[in-house]
Amino acid sequence: MVNNQPLRSTCEDRHSGPGGRPRVRVSGAVRRVRASGPAGPPMLRAELGGGADRVTVIWLGRNRITGVEPGRVLAVEGTLSQQGGRRIMYNPRYDLGTDATGGPVPGS
């Protein structure tokens, strides 16, 4: 089952983000997707993985991305930040149906 797949990640030191932090590529099953309400600015949040491996992905300026839905395997690439003990990635590049190494995910 896709939802039981652990997160996979790779680190790319040659593409440093802000403050010299490396860009990382993380893949896993989307656990939850939430869009902002009508009162706030557009924002789409997706949670990859679960437990200690969980990464919250946030796209600012978007309320929906076709294919980003619970149960779907998603690979994201960007700079991770820590906020309140949570790992968060803002406006990452994304691939549907690929793993952290860029290869296809069986069954996707």
# chains A, B, ... in the order shown; residues from 1 in each chain; ligands from 1
call {"tool": "closest_atom_pairs", "arguments": {"of": "range 29-56 of chain A", "to": "range 92-96 of chain A", "cutoff": "12 Å", "atoms": "only C-alpha atoms", "output": "tab-separated table"}}
result
residue	atom	partner	partner_atom	distance
A:Ala29	CA	A:Leu96	CA	10.2
A:Val30	CA	A:Leu96	CA	10.5
A:Leu44	CA	A:Pro92	CA	11.7
A:Arg45	CA	A:Pro92	CA	11.5
A:Ala46	CA	A:Pro92	CA	11.4
A:Val55	CA	A:Pro92	CA	11.9
A:Thr56	CA	A:Pro92	CA	10.9
call {"tool": "residues_around", "arguments": {"residues": "Ile88 in chain A", "least_positions_apart": "3", "cutoff": "10 Å", "atoms": "only C-alpha atoms", "output": "number ranges by chain"}}
result
A: 45, 47, 54-58, 78-85
call {"tool": "closest_residue", "arguments": {"among": "A:Leu60, A:Ala35, A:Leu74, A:Leu48", "to": "Tyr90 in chain A", "atoms": "only C-alpha atoms"}}
result
A:Leu60
call {"tool": "atom_distance", "arguments": {"atom1": "CA of Gly49 in chain A", "atom2": "CA of Ser27 in chain A"}}
result
8.4 Å
call {"tool": "residues_around", "arguments": {"residues": "Pro70 in chain A", "least_positions_apart": "6", "cutoff": "7 Å", "atoms": "only C-alpha atoms", "output": "list in words"}}
result
Val30, Arg31, Arg32 and Val33 of chain A
